[in-house]
Amino acid sequence: MIISQISPNMNNYKTILKEANQRVSFTAAPILPKTPQKSKFFKYFTDRYDKAIDKTAIRLGKLINNKDVHNIFERTKNSKYLFSNLMTFGSFVLSSLYVIRTLTNKSLDEKKRKTLAINQAAVFGVSTAMCYTVDGILNKKITQFANRFEAVNFNRIEAEKLSKCVKGVGIAGKIIIFDTIYRFIAPVFVTPIANKLGDRVNEKKQLNQK
Amino acid sequence: MINSLFKDSHITQPFRHSNFSNPERSRQRSMLTNEAREYSTATVKNNQGIIAKNPAEISFSGIPVGRLANESVLKNLYTKTREFLGTEAKHKNIVKLVIDAFDFVSGNTKDTNEQLTKYLNLNEEHVKNVIKKTEEIVKEENINDPLPIEKFGKEVKKIFTSATEAYPAVEKGSKALKNQWLEDFLFKADKNNVTFSAGFAILLTCLLRPASIMTLPGKKNKDDKKYASAHSIASGVIGYCIATAVSNPVTAALDKVLKKPADYITNKSIVDGLKKGSKDPAKAWITRSVDIAMAVPKAVITIALIPPILKYVFGWEKKKKNDSLDSLEHNYALLNFKSTSLPQSKAFQNFTGGNR
């Protein structure tokens, strides 16, 4: 035994007896692990957060309770492209905002404004086409991956969680494809090409006018 | 030695105490674990209520692919087919041959070839077994029972194709697919797609995009590149912050509603509709709508955040036009010493020229 581990209490027969009694006795109440207590400071915020969630849930319940809203859910129930279409719509809203901002930007010439706005719209169009094409190509592979994941983990993961993970494969695949194209390929590679094309068109127009 | 015994005493005591207090329960538990071990090897026929209560989501004709890929009957068929075609046979060849066999046995076609005849001579029993087994599963699950034979033949083909695609992974017991990290990753993607998307966007906008903007050759000057990178980082950070601040509570609230729709929704037909399968579209519509609604504030805050990011991340401040050297070069007002447009010292204002 290492000397540093020896303590004066070791040879204390009272301590040994006391702890030995605790060990042998079956009548003693089981020692339960201590439940971590939340600090009052955080409790204040967590309570507020829970209340806010409850209120939001009630409002969402009212929204879903509407027949028209539920009809939308029912109609799109079997759509394969619902998630992709919603993501595209989000990008459409953002791109439209940028186009409007460019068209109303007074610090630019009128010609340049138009060219830039057309460029932005074209970038959105090309990126969207790319998204759906890549999604179509990889869709089969993603489904295969989901099948394999499900098959391998069929006995390992609880059924409810497994079904969510399998759904997650499709969602993650779409998010990775759409986000990579809209947020990386479009601004880094497509936009500069579109800008160059726009500049050339402008130069040609100016030469023709002269 | 004594110390270590005493240290362990508080751990072992409650466990033993519970074991002695309820021996029947502990025996049942050990039986359950044994059963789980047995079922995890191959046979999944009677697994309901033990490991997986409900079939998993991805299914063909209502039969989960995972279940079929784990079926011992399918395993037999797959092994026999591979033996017939040789161990080096490509996966696609196996699928094609068995599909042809299914077509022939279920009476969809009468076309045969030499290889198919040979195969059926050896393995017809196995093919029939799989068809029979699939029929049994369909009956168990009450899926359009009974299916017409022609349609059923097609369904079996589909099931077999997808199950065979999944089968090699089952056989190999692919470690990558059993990774806990992957499981959590996919679970989170389904649980909150907006936050997941924002998290992935951070990787793109804060690392990949700035790196490629700065390294790619181009006519743009460095300041423009820095500005574009700052815009990218700002959009990623703001996107993630807003997603976690707004989308997380909405998703949590939505999960509450979808878990117990009857508590929040009064219309019974809508509650039934949600239970029958409109939960997923509801989740997709609501979460993505929140994301779309946040697009405008996101864009505004992103633009506002660009200058501080430029200053503190890239150590660069955009100079105002008046401060730049270019403007000084063309500011002819400076040459006119008596000009009132610029603040000048009195010495220059009194200057009248060389000859008085």
# chains A, B, ... in the order shown; residues from 1 in each chain; ligands from 1

$ interface_residues --of "chain A" --to "chain B" --cutoff "7 Å" --atoms "only C-alpha atoms" --output "PyMOL selection string"
chain A and resi 19+23+26+30-31+53-54+56-58+60-62+65+70+73-74+76-77+83+86+90+94+144+147-155+158-159+162-165+167-169+171-172+175+179+184+188

$ select_by_dssp --residues "stretch 32-228 of chain B" --states "strand (DSSP E or B)" --output "compact mmCIF listing (two decimals) with all heavy atoms, in the first residue's frame"
# COMPACT_ATOMS: atom_id res chain seq x y z
N SER B 59 -40.94 1.80 -44.89
CA SER B 59 -41.47 0.46 -45.15
C SER B 59 -41.99 0.38 -46.58
O SER B 59 -42.29 1.40 -47.21
CB SER B 59 -42.59 0.17 -44.18
OG SER B 59 -43.58 1.16 -44.29
N PHE B 60 -42.09 -0.82 -47.06
CA PHE B 60 -42.67 -1.05 -48.37
C PHE B 60 -43.84 -1.97 -48.17
O PHE B 60 -43.70 -3.03 -47.55
CB PHE B 60 -41.63 -1.67 -49.31
CG PHE B 60 -40.53 -0.73 -49.62
CD1 PHE B 60 -39.39 -0.71 -48.86
CD2 PHE B 60 -40.67 0.19 -50.64
CE1 PHE B 60 -38.37 0.18 -49.12
CE2 PHE B 60 -39.65 1.09 -50.90
CZ PHE B 60 -38.51 1.08 -50.14
N ILE B 63 -44.34 -3.10 -44.71
CA ILE B 63 -43.37 -3.94 -44.00
C ILE B 63 -42.05 -3.20 -43.87
O ILE B 63 -41.49 -2.78 -44.89
CB ILE B 63 -43.13 -5.28 -44.73
CG1 ILE B 63 -44.47 -5.98 -44.92
CG2 ILE B 63 -42.18 -6.17 -43.96
CD1 ILE B 63 -44.43 -7.05 -45.94
N PRO B 64 -41.58 -3.01 -42.66
CA PRO B 64 -40.32 -2.28 -42.53
C PRO B 64 -39.16 -3.04 -43.15
O PRO B 64 -39.07 -4.27 -42.99
CB PRO B 64 -40.13 -2.16 -41.02
CG PRO B 64 -40.97 -3.22 -40.44
CD PRO B 64 -42.11 -3.43 -41.37

$ residues_around --residues "A:Thr88" --least-positions-apart "6" --cutoff "9 Å" --atoms "only C-alpha atoms" --output "PyMOL selection string"
chain A and resi 128+131+178

$ write_last_selection --atoms "C-alpha atoms" --output "PDB file, in the first residue's frame"
ATOM      1  CA  THR A 128     -32.607  26.234 -57.225  1.00  0.00           C
ATOM      2  CA  CYS A 131     -30.588  21.949 -55.711  1.00  0.00           C
ATOM      3  CA  PHE A 178     -29.807  22.837 -50.199  1.00  0.00           C
TER       4      PHE A 178
END

$ atom_distance --atom1 "atom CA of A:Val93" --atom2 "atom CA of A:Lys140"
29.2 Å

$ residues_around --residues "B:Leu116" --least-positions-apart "6" --cutoff "8 Å" --atoms "only C-alpha atoms" --output "list in words"
Leu97, Asp100 and Ala101 of chain B

$ residues_around --residues "stretch 189-197 of chain A" --least-positions-apart "3" --cutoff "7 Å" --atoms "only C-alpha atoms" --output "PyMOL selection string"
chain A and resi 119+123+185-186+200-201

$ write_last_selection --atoms "N, CA, C and O atoms" --output "PDB file, in the first residue's frame"
ATOM      1  N   ASN A 119     -29.103  39.718 -62.131  1.00  0.00           N
ATOM      2  CA  ASN A 119     -28.074  38.766 -61.688  1.00  0.00           C
ATOM      3  C   ASN A 119     -28.520  37.993 -60.459  1.00  0.00           C
ATOM      4  O   ASN A 119     -28.388  36.776 -60.390  1.00  0.00           O
ATOM      5  N   VAL A 123     -29.087  34.067 -60.218  1.00  0.00           N
ATOM      6  CA  VAL A 123     -28.338  33.210 -59.280  1.00  0.00           C
ATOM      7  C   VAL A 123     -29.305  32.322 -58.497  1.00  0.00           C
ATOM      8  O   VAL A 123     -29.075  31.125 -58.324  1.00  0.00           O
ATOM      9  N   ILE A 185     -22.063  27.309 -52.614  1.00  0.00           N
ATOM     10  CA  ILE A 185     -21.759  27.281 -54.052  1.00  0.00           C
ATOM     11  C   ILE A 185     -22.296  28.538 -54.760  1.00  0.00           C
ATOM     12  O   ILE A 185     -21.593  29.143 -55.569  1.00  0.00           O
ATOM     13  N   ALA A 186     -23.530  28.937 -54.406  1.00  0.00           N
ATOM     14  CA  ALA A 186     -24.120  30.112 -55.069  1.00  0.00           C
ATOM     15  C   ALA A 186     -23.289  31.380 -54.834  1.00  0.00           C
ATOM     16  O   ALA A 186     -22.895  32.046 -55.792  1.00  0.00           O
ATOM     17  N   ARG A 200     -20.210  42.144 -68.935  1.00  0.00           N
ATOM     18  CA  ARG A 200     -19.975  42.030 -70.382  1.00  0.00           C
ATOM     19  C   ARG A 200     -21.166  42.545 -71.179  1.00  0.00           C
ATOM     20  O   ARG A 200     -21.012  43.250 -72.169  1.00  0.00           O
ATOM     21  N   VAL A 201     -22.384  42.165 -70.717  1.00  0.00           N
ATOM     22  CA  VAL A 201     -23.605  42.614 -71.395  1.00  0.00           C
ATOM     23  C   VAL A 201     -23.675  44.130 -71.360  1.00  0.00           C
ATOM     24  O   VAL A 201     -23.979  44.792 -72.367  1.00  0.00           O
TER      25      VAL A 201
END

$ decode --residues "stretch 199-268 of chain B" --atoms "C-alpha atoms" --output "compact mmCIF listing (two decimals), in the first residue's frame"
# COMPACT_ATOMS: atom_id res chain seq x y z
CA GLY B 199 -25.76 24.66 -37.22
CA PHE B 200 -24.72 23.27 -40.59
CA ALA B 201 -24.85 26.78 -42.05
CA ILE B 202 -22.37 27.93 -39.39
CA LEU B 203 -19.87 25.40 -40.70
CA LEU B 204 -20.36 26.72 -44.22
CA THR B 205 -20.57 30.44 -43.55
CA CYS B 206 -17.97 30.78 -40.81
CA LEU B 207 -15.34 28.40 -42.16
CA LEU B 208 -15.70 27.18 -45.73
CA ARG B 209 -17.09 30.31 -47.38
CA PRO B 210 -14.67 32.87 -45.88
CA ALA B 211 -11.75 30.50 -46.51
CA SER B 212 -12.66 30.06 -50.17
CA ILE B 213 -13.41 33.76 -50.66
CA MET B 214 -10.02 34.74 -49.26
CA THR B 215 -8.05 32.06 -51.10
CA LEU B 216 -9.74 32.09 -54.50
CA PRO B 217 -7.97 34.25 -57.09
CA GLY B 218 -9.93 37.20 -58.42
CA LYS B 219 -9.77 40.84 -59.39
CA LYS B 220 -11.49 41.91 -56.21
CA ASN B 221 -9.22 43.73 -53.83
CA LYS B 222 -8.56 42.38 -50.36
CA ASP B 223 -10.92 44.81 -48.64
CA ASP B 224 -13.84 43.60 -50.74
CA LYS B 225 -12.95 40.01 -49.91
CA LYS B 226 -12.81 40.83 -46.22
CA TYR B 227 -16.18 42.53 -46.47
CA ALA B 228 -17.70 39.46 -48.19
CA SER B 229 -16.21 37.16 -45.53
CA ALA B 230 -17.54 39.35 -42.73
CA HIS B 231 -20.98 39.26 -44.33
CA SER B 232 -20.79 35.48 -44.47
CA ILE B 233 -19.74 35.10 -40.82
CA ALA B 234 -22.38 37.57 -39.66
CA SER B 235 -25.14 35.77 -41.53
CA GLY B 236 -24.10 32.40 -40.06
CA VAL B 237 -23.86 33.63 -36.47
CA ILE B 238 -27.10 35.59 -36.61
CA GLY B 239 -28.89 32.71 -38.30
CA TYR B 240 -27.86 30.31 -35.55
CA CYS B 241 -28.70 32.74 -32.71
CA ILE B 242 -32.15 33.49 -34.08
CA ALA B 243 -32.79 29.83 -34.82
CA THR B 244 -31.98 28.79 -31.26
CA ALA B 245 -33.79 31.73 -29.69
CA VAL B 246 -36.98 31.53 -31.73
CA SER B 247 -37.19 28.14 -33.36
CA ASN B 248 -36.30 26.03 -30.30
CA PRO B 249 -39.25 27.18 -28.17
CA VAL B 250 -41.63 26.92 -31.13
CA THR B 251 -40.45 23.38 -31.88
CA ALA B 252 -40.75 22.42 -28.21
CA ALA B 253 -44.30 23.81 -28.13
CA LEU B 254 -45.17 22.07 -31.40
CA ASP B 255 -43.85 18.76 -30.08
CA LYS B 256 -46.14 19.18 -27.07
CA VAL B 257 -49.16 19.76 -29.32
CA LEU B 258 -48.34 16.86 -31.64
CA LYS B 259 -47.66 14.47 -28.77
CA LYS B 260 -51.06 15.04 -27.20
CA PRO B 261 -53.17 16.75 -29.87
CA ALA B 262 -56.43 16.11 -28.02
CA ASP B 263 -55.30 18.41 -25.18
CA TYR B 264 -54.87 21.40 -27.47
CA ILE B 265 -57.19 20.80 -30.43
CA THR B 266 -60.95 20.65 -30.01
CA ASN B 267 -61.90 19.45 -33.50
CA LYS B 268 -61.90 15.63 -33.39
